[in-house]
Amino acid sequence: MLFEPRSGRLAAWGNALLAGLVSPDEAVMSIVGEDAVHRVAGLPGEPEPVGLTLALGRMRALGVTGLRVALPAPGHPLGLSGPAEFNARALEAEEAVVAVGAAVGLVPEVAEAGPAGDVHVSVIWHCLPVREAPPADVPSLGEAERELAEALREATGVLSRLDVAGSGPVAEAALSAYRARAEAGREVLAPGYPARAVRVLALAQRVDLLVSLAYENGPGGAVAASEMAARSEALRPVERVARRALVAAYNAAVEERERG
């Protein structure tokens, strides 16, 4: 589930910090979220991993003016521009952040420790060289919004046809969590993002949630191996649209700034 990728939080609040709209403490607190700690390894000029506050300041000194998100999947290098090593690491993590203004990118490595209910999550962002080129397959906000409207109808239809109508305790818990977040101040993006990006991100998250429910919700008609394959085949285009829209929304602040 890409409901709120860590790369999205890093890019959104990093962009707000680079634009002078939030303080370093506010940016770092929002990026870390419920995780225990985030550090950055491999940053030019830093032989050891450093905290996010220092890392973001160092990136500004390197000439970074913005951060873009990449959410690649097999056969779909969404948001990537190379080289092969960075693309491979990003594909393995299923997400990455690509800097604007300096040829570096960040790929997260997530580690969990502790018993259930008291899990300690730490994240190391690996800083790697990237190719300065247009990112792959990223739509405009307008394109993403149009695609999402159709994808939402498609996802609802697929759920119904496959008898995965979002019922059961797991589905209900996921939907309740989504509604609670949607009503909790709408802090889905950082300051500096256009209202349309907030709207597109919220809709993309809803479509992504529906797709995740379709994959994870055991009860329903699609239980045989062949039916599970049919479910995946039907939902793959919808999932692709949701990921494209997530990237478009998180990258909107940079795109607006570049358009002047």
# chains A, B, ... in the order shown; residues from 1 in each chain; ligands from 1
>>> residues_around(residues="stretch 119-134 of chain A", least_positions_apart="6", cutoff="8 Å", atoms="only C-alpha atoms", output="MDAnalysis selection string")
chainID A and resid 35:43 81:83 86 98 102:113
>>> select_by_dssp(residues="stretch 79-124 of chain A", states="helix (DSSP H, G or I)", output="count of residues only")
10
>>> select_by_dssp(residues="stretch 23-257 of chain A", states="strand (DSSP E)", output="ChimeraX atom specification")
/A:37-41,50-51,66-70,96-100,104-113,120-129
>>> write_last_selection(atoms="N, CA, C and O atoms", output="short mmCIF file (atom, residue, chain, number, x, y, z; two decimals), in the first residue's frame")
data_model
loop_
_atom_site.label_atom_id
_atom_site.label_comp_id
_atom_site.auth_asym_id
_atom_site.auth_seq_id
_atom_site.Cartn_x
_atom_site.Cartn_y
_atom_site.Cartn_z
N VAL A 37 13.24 7.26 14.14
CA VAL A 37 14.35 8.11 13.73
C VAL A 37 14.58 7.95 12.23
O VAL A 37 14.36 6.87 11.66
N HIS A 38 15.00 9.03 11.57
CA HIS A 38 15.44 9.01 10.18
C HIS A 38 16.85 9.58 10.13
O HIS A 38 17.13 10.61 10.75
N ARG A 39 17.73 8.93 9.36
CA ARG A 39 19.07 9.44 9.14
C ARG A 39 19.41 9.32 7.66
O ARG A 39 18.76 8.56 6.93
N VAL A 40 20.41 10.07 7.23
CA VAL A 40 20.82 10.08 5.82
C VAL A 40 22.27 9.64 5.73
O VAL A 40 23.14 10.21 6.40
N ALA A 41 22.53 8.61 4.90
CA ALA A 41 23.88 8.07 4.73
C ALA A 41 24.37 8.36 3.31
O ALA A 41 23.59 8.37 2.35
N VAL A 50 23.90 11.11 9.03
CA VAL A 50 23.57 12.32 9.79
C VAL A 50 22.05 12.43 9.93
O VAL A 50 21.29 11.78 9.21
N GLY A 51 21.62 13.26 10.87
CA GLY A 51 20.20 13.48 11.08
C GLY A 51 19.58 14.28 9.94
O GLY A 51 20.28 14.91 9.14
N GLY A 66 14.61 21.79 -4.76
CA GLY A 66 13.33 21.10 -4.63
C GLY A 66 13.54 19.60 -4.60
O GLY A 66 14.64 19.10 -4.87
N LEU A 67 12.48 18.88 -4.26
CA LEU A 67 12.52 17.43 -4.16
C LEU A 67 11.33 16.83 -4.90
O LEU A 67 10.20 17.28 -4.74
N ARG A 68 11.61 15.83 -5.70
CA ARG A 68 10.56 15.10 -6.43
C ARG A 68 10.47 13.68 -5.90
O ARG A 68 11.44 13.12 -5.40
N VAL A 69 9.29 13.06 -6.08
CA VAL A 69 9.05 11.70 -5.65
C VAL A 69 9.09 10.76 -6.86
O VAL A 69 8.63 11.12 -7.95
N ALA A 70 9.61 9.56 -6.64
CA ALA A 70 9.53 8.48 -7.61
C ALA A 70 8.89 7.27 -6.92
O ALA A 70 9.26 6.95 -5.79
N ALA A 96 11.47 6.57 -3.92
CA ALA A 96 12.71 7.33 -3.82
C ALA A 96 12.38 8.80 -3.90
O ALA A 96 11.27 9.19 -4.29
N VAL A 97 13.36 9.62 -3.54
CA VAL A 97 13.26 11.07 -3.69
C VAL A 97 14.41 11.52 -4.57
O VAL A 97 15.56 11.10 -4.37
N VAL A 98 14.11 12.36 -5.57
CA VAL A 98 15.12 12.85 -6.49
C VAL A 98 15.23 14.37 -6.33
O VAL A 98 14.23 15.08 -6.38
N ALA A 99 16.45 14.84 -6.11
CA ALA A 99 16.67 16.27 -5.88
C ALA A 99 16.63 17.05 -7.19
O ALA A 99 16.97 16.54 -8.25
N VAL A 100 16.21 18.30 -7.08
CA VAL A 100 16.25 19.26 -8.17
C VAL A 100 17.35 20.27 -7.86
O VAL A 100 17.39 20.83 -6.76
N VAL A 104 21.62 14.30 -7.03
CA VAL A 104 21.56 13.30 -5.96
C VAL A 104 20.12 12.85 -5.75
O VAL A 104 19.16 13.57 -6.08
N GLY A 105 19.98 11.65 -5.20
CA GLY A 105 18.67 11.13 -4.85
C GLY A 105 18.75 10.34 -3.56
O GLY A 105 19.86 9.96 -3.12
N LEU A 106 17.62 10.08 -2.95
CA LEU A 106 17.56 9.39 -1.66
C LEU A 106 16.62 8.19 -1.76
O LEU A 106 15.50 8.31 -2.24
N VAL A 107 17.11 7.04 -1.28
CA VAL A 107 16.32 5.81 -1.27
C VAL A 107 16.22 5.32 0.17
O VAL A 107 17.25 5.17 0.84
N PRO A 108 15.01 5.06 0.68
CA PRO A 108 14.90 4.65 2.08
C PRO A 108 15.15 3.16 2.30
O PRO A 108 14.81 2.32 1.48
N GLU A 109 15.79 2.89 3.43
CA GLU A 109 15.93 1.51 3.92
C GLU A 109 15.28 1.48 5.30
O GLU A 109 15.73 2.18 6.22
N VAL A 110 14.23 0.68 5.45
CA VAL A 110 13.43 0.68 6.67
C VAL A 110 13.76 -0.55 7.51
O VAL A 110 13.81 -1.68 7.00
N ALA A 111 14.00 -0.34 8.80
CA ALA A 111 14.28 -1.45 9.73
C ALA A 111 13.29 -1.39 10.87
O ALA A 111 12.97 -0.31 11.39
N GLU A 112 12.77 -2.55 11.26
CA GLU A 112 11.82 -2.65 12.36
C GLU A 112 12.38 -3.56 13.45
O GLU A 112 12.99 -4.58 13.15
N ALA A 113 12.15 -3.19 14.69
CA ALA A 113 12.60 -4.00 15.81
C ALA A 113 11.59 -3.88 16.94
O ALA A 113 10.92 -2.86 17.09
N HIS A 120 9.73 -0.54 16.89
CA HIS A 120 10.62 0.61 16.71
C HIS A 120 11.04 0.64 15.24
O HIS A 120 11.67 -0.29 14.75
N VAL A 121 10.67 1.70 14.53
CA VAL A 121 10.97 1.82 13.11
C VAL A 121 12.04 2.88 12.90
O VAL A 121 11.88 4.02 13.32
N SER A 122 13.12 2.48 12.25
CA SER A 122 14.17 3.44 11.90
C SER A 122 14.37 3.41 10.39
O SER A 122 14.18 2.38 9.73
N VAL A 123 14.73 4.56 9.84
CA VAL A 123 14.88 4.70 8.39
C VAL A 123 16.23 5.31 8.08
O VAL A 123 16.61 6.33 8.67
N ILE A 124 16.96 4.66 7.19
CA ILE A 124 18.20 5.22 6.65
C ILE A 124 17.92 5.60 5.19
O ILE A 124 17.52 4.76 4.39
N TRP A 125 18.11 6.87 4.87
CA TRP A 125 17.99 7.33 3.50
C TRP A 125 19.38 7.28 2.86
O TRP A 125 20.29 7.97 3.32
N HIS A 126 19.55 6.45 1.83
CA HIS A 126 20.83 6.32 1.16
C HIS A 126 20.91 7.36 0.03
O HIS A 126 20.07 7.37 -0.87
N CYS A 127 21.90 8.21 0.12
CA CYS A 127 22.11 9.27 -0.88
C CYS A 127 23.00 8.73 -2.00
O CYS A 127 24.11 8.25 -1.74
N LEU A 128 22.49 8.80 -3.22
CA LEU A 128 23.19 8.23 -4.38
C LEU A 128 23.17 9.22 -5.53
O LEU A 128 22.28 10.07 -5.62
N PRO A 129 24.13 9.11 -6.46
CA PRO A 129 24.10 9.97 -7.65
C PRO A 129 22.91 9.64 -8.54
O PRO A 129 22.51 8.47 -8.66
#
>>> closest_residue(among="A:Gly33, A:Glu85, A:Ala16, A:Ala90", to="A:Leu56", atoms="only C-alpha atoms")
A:Ala16
>>> atom_distance(atom1="atom CA of A:Pro194", atom2="atom CA of A:Leu213")
29.1 Å
>>> residues_around(residues="stretch 242-257 of chain A", least_positions_apart="3", cutoff="9 Å", atoms="only C-alpha atoms", output="VMD selection string")
chain A and resid 2 to 4 8 to 9 11 to 12 15 to 16 65 to 72 78 to 79 100 137 to 141 143 to 145 147 to 148 151 189 192 to 194 196 to 208 237 to 239 260
>>> atom_distance(atom1="atom CA of A:Ile31", atom2="atom CA of A:Ala190")
10.1 Å
>>> closest_residue(among="A:Pro191, A:Gly157, A:Pro115, A:Pro135", to="A:Leu210", atoms="only C-alpha atoms")
A:Gly157
>>> residues_around(residues="A:Thr53", least_positions_apart="2", cutoff="8 Å", atoms="only C-alpha atoms", output="list in words")
Pro24, Asp25, Val28, Gly51, Ala55, Leu56 and Gly57 of chain A
>>> write_last_selection(atoms="all heavy atoms", output="compact mmCIF listing (two decimals), in the first residue's frame")
# COMPACT_ATOMS: atom_id res chain seq x y z
N PRO A 24 12.91 24.11 10.33
CA PRO A 24 13.54 22.78 10.25
C PRO A 24 12.92 21.78 11.22
O PRO A 24 12.70 20.62 10.86
CB PRO A 24 15.00 23.07 10.60
CG PRO A 24 15.22 24.49 10.17
CD PRO A 24 13.92 25.18 10.47
N ASP A 25 12.61 22.21 12.44
CA ASP A 25 12.02 21.29 13.42
C ASP A 25 10.66 20.79 12.96
O ASP A 25 10.34 19.60 13.09
CB ASP A 25 11.88 21.98 14.78
CG ASP A 25 13.21 22.15 15.49
OD1 ASP A 25 14.20 21.52 15.06
OD2 ASP A 25 13.27 22.91 16.47
N VAL A 28 11.16 18.26 9.99
CA VAL A 28 11.69 16.97 10.41
C VAL A 28 10.64 16.18 11.19
O VAL A 28 10.47 14.97 10.98
CB VAL A 28 12.97 17.16 11.25
CG1 VAL A 28 13.37 15.84 11.91
CG2 VAL A 28 14.09 17.68 10.37
N GLY A 51 21.62 13.26 10.87
CA GLY A 51 20.20 13.48 11.08
C GLY A 51 19.58 14.28 9.94
O GLY A 51 20.28 14.91 9.14
N ALA A 55 21.07 17.00 7.24
CA ALA A 55 21.04 16.53 5.86
C ALA A 55 20.32 17.51 4.94
O ALA A 55 20.79 17.82 3.84
CB ALA A 55 20.38 15.16 5.79
N LEU A 56 19.18 18.02 5.38
CA LEU A 56 18.43 18.96 4.55
C LEU A 56 19.20 20.27 4.37
O LEU A 56 19.20 20.88 3.30
CB LEU A 56 17.05 19.21 5.15
CG LEU A 56 16.08 18.02 5.05
CD1 LEU A 56 14.86 18.25 5.94
CD2 LEU A 56 15.65 17.78 3.62
N GLY A 57 19.87 20.71 5.43
CA GLY A 57 20.70 21.90 5.31
C GLY A 57 21.87 21.68 4.36
O GLY A 57 22.21 22.56 3.56
